[in-house]
Amino acid sequence: MRLSTLFTKTTKDAPKDELSLNARILIQAGFIDKLTAGVYTYLPLGLRVLKKIENIIREEMNRAGGQEVLMPVLSPKKNWETTGRWENFSALFKLYGVDNKEYALNPTHEEIVVPLAQKHVLSYKDLPVYIYQIQNKFRREKRAKSGILRGLEFMMKDMYSFHANEEDLDRFYKEMQKAYFKIFKRCGLLDKTYLTFASGGSFSKYSHEYQTITLAGEDEIYICQDCQIAINKEIADELKNKCPSCESKNLKMEKAIEVGNIFKLATNFSDPFGYQYIDETGKKKPVWMGCYGIGLGRVMGTIAEVCHDDRGIIWPKEVAPFTVHLIQVAAKDAEENNKIKLTAEKVYKDLRENSIEVIFDDRDEGTGAGEKFADADLIGCPIRLVVSERSLDQDSVEVKKRGEEKKELIKIKQVLSLKS
RNA sequence: CGGGGCGUGGUAUAGUGGUAUUACGCACGCUUCGGGUGCGUGUAAUCCGGGUUCGAUUCCCGGCGCCCCGACCA
């Protein structure tokens with residue numbers, strides 16, 4: 001990608017009507033655009049990050065045995081009446097079709113996935129099965145806030161697991177705990193993310209959330225200093241402020257944002273749909289379920305909140321929009337300048353031919369070096385390469401990592417070693 | 001849904017009861033080239049409706065929008 005043709009631009013000033021850091025920095029750097037409160041466009045740079053997060057999640061869900069589907073965004077009122085959530089789910093967006101037929105914009109998909117599984121998963125031989133999708137969800141939030149951390153429309157991975165009994169649900173639930181930690185590790189959030197006991201709502205005693213420590217968070221969690229498990233404030237009292245895992249009372253309060261959650265649904269959704277399977281003896285038994293969510297945009301916003309400095313974003317390697325930000329710095333001498341351009345073009349070509357993702361700041365007229373460096377810092381790719389008169393004197397390009405001050409020269413021929 | 005704050009070019013801002021300042025951006029020309037370079041020319045704005053007034057972007061009322069706090073968040 002060439003910066004000269006990228007249709008979005010960075011701005012010198014952050015938007016005045018955003019206070020939340022993730023929105024300010026992501027808008028300023030040209031990753032997202034706000035359409036209206038709680039509704040954002042993902043621009044080319046932002047979409048690349050979102051897709052990186054999406055693919056990490058997809059890989060880990062597939063590794064855990066998940067099968068990906070794409071369910072509809074619209075669903076008929078009937079399904080929601082079956083579970084009672086047409087009335088009880090306050091954040092449900094409702095709309096009308098022809099003949100005043102009523103629909104919901106799905107905020108979650110239990111009402112859709114259960115009837116779906118019911119058609120195909122009939123026998124103990126079909127269980128367990130894990131179905132997931134990555135798709136936009138809609139919630140009629142009373143108040144959208146905190147940039148992309150709480151929107152009315154947001155991308156979410158939701159997996160639903162189906163089991164023959166509670167023991168098998170428990171087994172898979174633990175597997176998902178591990179898979180989620182892998183995801184947050186690859187997204188660069190592991191050292192600030194805690195498995196957190198949270199309310200199980202009306203369905204089960206507890207659920208688990210993955211909470212990432214940041215002042216931008218809406219939740220307060222108590223982190224056990226002995227076993228590193230956390231407790232959401234909402235259930236701290238009932239646990240008598242003791243760690244449910246190791247009984248320790250050595251807890252530390254932190255503000256945090258919920259980046260994922262896992263939840264044992266038990267038979268609370270299979271029951272209203274009358275969803276049962278046939279066991280080995282030919283008897284009907286209830287299907288046990290779990291659900292497992294991650295908000296992709298929320299992960300992206302959380303990374304922006306956690307990984308930045310006063311110059312811009314510092315993307316973790318696996319989610320960066322590009323690995324390399326290549327800059328050409330013009331020289332006075334026309335001949336020298338031409339040489340710089342040709343060299344930069346060659347480096348750009350070599351990197352791409354070797355599948356190293358690179359954004360190339362090939363702008364020349366009117367764009368000074370300072371502006372290019374400022375943009376590189378703001379956009380926040382992990383490696384900055386500079387081709388300039390200074391570097392060419394050494395037959396080299398300059399390498400600097402985002403977030404570090406150290407600069408070094410490497411020979412042009414060795415640029416491809418950046419791959420490792 | 002309750003409370004508060006704010007609405008001026010694409011972005012960020014100044015100011016005013018007599019149509020509007022500056023910077024960035026954008027267009028053109030020159031300049032500069034390792035941290036948002038400098039100069040010139042051009043482009044572009046008072047959220048909507050009503051009221052007061054000779055005249056409202058400014059004052060008043062209503063609406064809408066955005067942000068923040070709270071409530072809410074199966």
# chains A, B, ... in the order shown; residues from 1 in each chain; ligands from 1

$ interface_residues --of "chain B" --to "chain A" --cutoff "6 Å" --atoms "only C-alpha atoms (C1' of nucleotides)" --output "MDAnalysis selection string"
chainID B and resid 12 33 35:36 67

$ residues_around --residues "C59 in chain B" --least-positions-apart "3" --cutoff "9 Å" --atoms "only C-alpha atoms (C1' of nucleotides)" --output "ChimeraX atom specification"
/B:17,52,56

$ closest_residue --among "B:G25, B:G42, B:G70, B:G55" --to "G3 in chain B" --atoms "only C-alpha atoms (C1' of nucleotides)"
B:G70

$ select_by_dssp --residues "range 10-64 of chain A" --states "helix (DSSP H, G or I)" --output "PyMOL selection string"
chain A and resi 21-28+44-63

$ atom_distance --atom1 "C1' of U57 in chain B" --atom2 "C1' of U8 in chain B"
7.4 Å

$ residues_around --residues "Lys401 in chain A" --least-positions-apart "6" --cutoff "12 Å" --atoms "only C-alpha atoms (C1' of nucleotides)" --output "list in words"
Ile314, Trp315, Pro316, Lys317, Thr323, Val324, His325, Leu326, Ala376, Asp377, Gly380, Cys381, Pro382, Ile383, Arg384, Leu385, Val386, Lys407, Glu408 and Leu418 of chain A

$ select_by_dssp --residues "range 122-242 of chain A" --states "strand (DSSP E)" --output "tab-separated table (two decimals) with C-alpha atoms, in the first residue's frame"
chain	number	residue	atom	x	y	z
A	129	VAL	CA	-20.38	-29.78	18.22
A	130	TYR	CA	-19.05	-26.23	18.22
A	131	ILE	CA	-20.52	-23.64	15.88
A	132	TYR	CA	-19.26	-20.08	15.58
A	133	GLN	CA	-19.49	-17.00	13.44
A	134	ILE	CA	-17.85	-13.60	13.15
A	135	GLN	CA	-20.40	-10.94	12.36
A	136	ASN	CA	-21.88	-7.57	13.25
A	137	LYS	CA	-24.20	-7.48	16.21
A	138	PHE	CA	-26.69	-4.77	17.12
A	153	GLU	CA	-23.23	-2.00	16.07
A	154	PHE	CA	-20.11	-4.05	16.61
A	155	MET	CA	-18.25	-7.02	15.21
A	156	MET	CA	-18.33	-10.06	17.43
A	157	LYS	CA	-17.22	-13.66	17.38
A	158	ASP	CA	-19.86	-15.82	19.00
A	159	MET	CA	-19.42	-19.54	19.45
A	160	TYR	CA	-22.07	-21.93	20.71
A	161	SER	CA	-21.18	-25.39	21.96
A	162	PHE	CA	-23.60	-28.31	22.20
A	163	HIS	CA	-23.04	-31.23	24.57
A	193	THR	CA	-5.82	-9.53	30.78
A	194	TYR	CA	-7.34	-11.54	33.62
A	195	LEU	CA	-9.78	-14.39	33.78
A	196	THR	CA	-12.53	-12.93	35.91
A	197	PHE	CA	-15.41	-14.44	37.83
A	198	ALA	CA	-18.61	-12.63	36.89
A	199	SER	CA	-22.33	-12.95	37.35
A	206	TYR	CA	-20.93	-17.69	37.52
A	207	SER	CA	-19.68	-16.86	34.11
A	208	HIS	CA	-16.17	-15.85	33.23
A	209	GLU	CA	-15.05	-12.65	31.63
A	210	TYR	CA	-11.70	-11.70	30.20
A	211	GLN	CA	-10.94	-8.28	31.60
A	212	THR	CA	-8.08	-6.11	30.37
A	213	ILE	CA	-6.77	-3.50	32.78
A	219	ASP	CA	-15.78	-2.41	35.08
A	220	GLU	CA	-13.99	-2.73	38.37
A	221	ILE	CA	-12.31	-6.00	39.10
A	222	TYR	CA	-10.47	-7.37	42.11
A	223	ILE	CA	-7.34	-9.26	41.14
A	224	CYS	CA	-6.16	-11.98	43.51
A	230	ALA	CA	-9.99	-11.77	39.23
A	231	ILE	CA	-13.52	-11.11	40.48
A	232	ASN	CA	-15.90	-8.63	38.93

$ closest_residue --among "B:C60, B:A45, B:C66, B:U11" --to "A23 in chain B" --atoms "only C-alpha atoms (C1' of nucleotides)"
B:U11

$ atom_distance --atom1 "CA of Asp168 in chain A" --atom2 "CA of Asn268 in chain A"
16.3 Å

$ atom_distance --atom1 "CA of Asp393 in chain A" --atom2 "CA of Thr343 in chain A"
12.2 Å

$ residues_around --residues "C28 in chain B" --least-positions-apart "6" --cutoff "12 Å" --atoms "only C-alpha atoms (C1' of nucleotides)" --output "PyMOL selection string"
chain B and resi 40-43

$ write_last_selection --atoms "N, CA and C atoms (P, O5', C5', C4', C3', O3' and C1' of nucleotides)" --output "PDB file, in the first residue's frame"
ATOM      1  P     G B  40       2.883  35.094   3.157  1.00  0.00           P
ATOM      2  O5'   G B  40       2.454  35.066   1.622  1.00  0.00           O
ATOM      3  C5'   G B  40       2.912  36.090   0.752  1.00  0.00           C
ATOM      4  C4'   G B  40       2.563  35.751  -0.671  1.00  0.00           C
ATOM      5  C3'   G B  40       1.090  35.462  -0.938  1.00  0.00           C
ATOM      6  O3'   G B  40       0.306  36.633  -1.010  1.00  0.00           O
ATOM      7  C1'   G B  40       2.420  33.855  -2.049  1.00  0.00           C
ATOM      8  P     U B  41      -1.254  36.612  -0.537  1.00  0.00           P
ATOM      9  O5'   U B  41      -1.939  35.843  -1.738  1.00  0.00           O
ATOM     10  C5'   U B  41      -1.950  36.420  -3.041  1.00  0.00           C
ATOM     11  C4'   U B  41      -2.519  35.449  -4.042  1.00  0.00           C
ATOM     12  C3'   U B  41      -3.869  34.850  -3.667  1.00  0.00           C
ATOM     13  O3'   U B  41      -4.962  35.715  -3.922  1.00  0.00           O
ATOM     14  C1'   U B  41      -2.428  33.134  -4.407  1.00  0.00           C
ATOM     15  P     G B  42      -6.242  35.617  -2.984  1.00  0.00           P
ATOM     16  O5'   G B  42      -6.892  34.233  -3.431  1.00  0.00           O
ATOM     17  C5'   G B  42      -7.391  34.090  -4.747  1.00  0.00           C
ATOM     18  C4'   G B  42      -7.711  32.654  -5.026  1.00  0.00           C
ATOM     19  C3'   G B  42      -8.802  32.028  -4.162  1.00  0.00           C
ATOM     20  O3'   G B  42     -10.096  32.375  -4.579  1.00  0.00           O
ATOM     21  C1'   G B  42      -6.968  30.533  -4.349  1.00  0.00           C
ATOM     22  P     U B  43     -11.287  32.391  -3.527  1.00  0.00           P
ATOM     23  O5'   U B  43     -11.468  30.840  -3.201  1.00  0.00           O
ATOM     24  C5'   U B  43     -11.859  29.930  -4.222  1.00  0.00           C
ATOM     25  C4'   U B  43     -12.057  28.559  -3.633  1.00  0.00           C
ATOM     26  C3'   U B  43     -12.966  28.524  -2.408  1.00  0.00           C
ATOM     27  O3'   U B  43     -14.322  28.472  -2.791  1.00  0.00           O
ATOM     28  C1'   U B  43     -11.004  27.239  -2.012  1.00  0.00           C
TER      29        U B  43
END

$ residues_around --residues "Asn100 in chain A" --least-positions-apart "4" --cutoff "12 Å" --atoms "only C-alpha atoms (C1' of nucleotides)" --output "ChimeraX atom specification"
/A:76-77,94-96

$ residues_around --residues "Tyr275 in chain A" --least-positions-apart "4" --cutoff "8 Å" --atoms "only C-alpha atoms (C1' of nucleotides)" --output "list in words"
Val114, Pro115, Gln118, Ser270, Asp271, Pro286 and Val287 of chain A
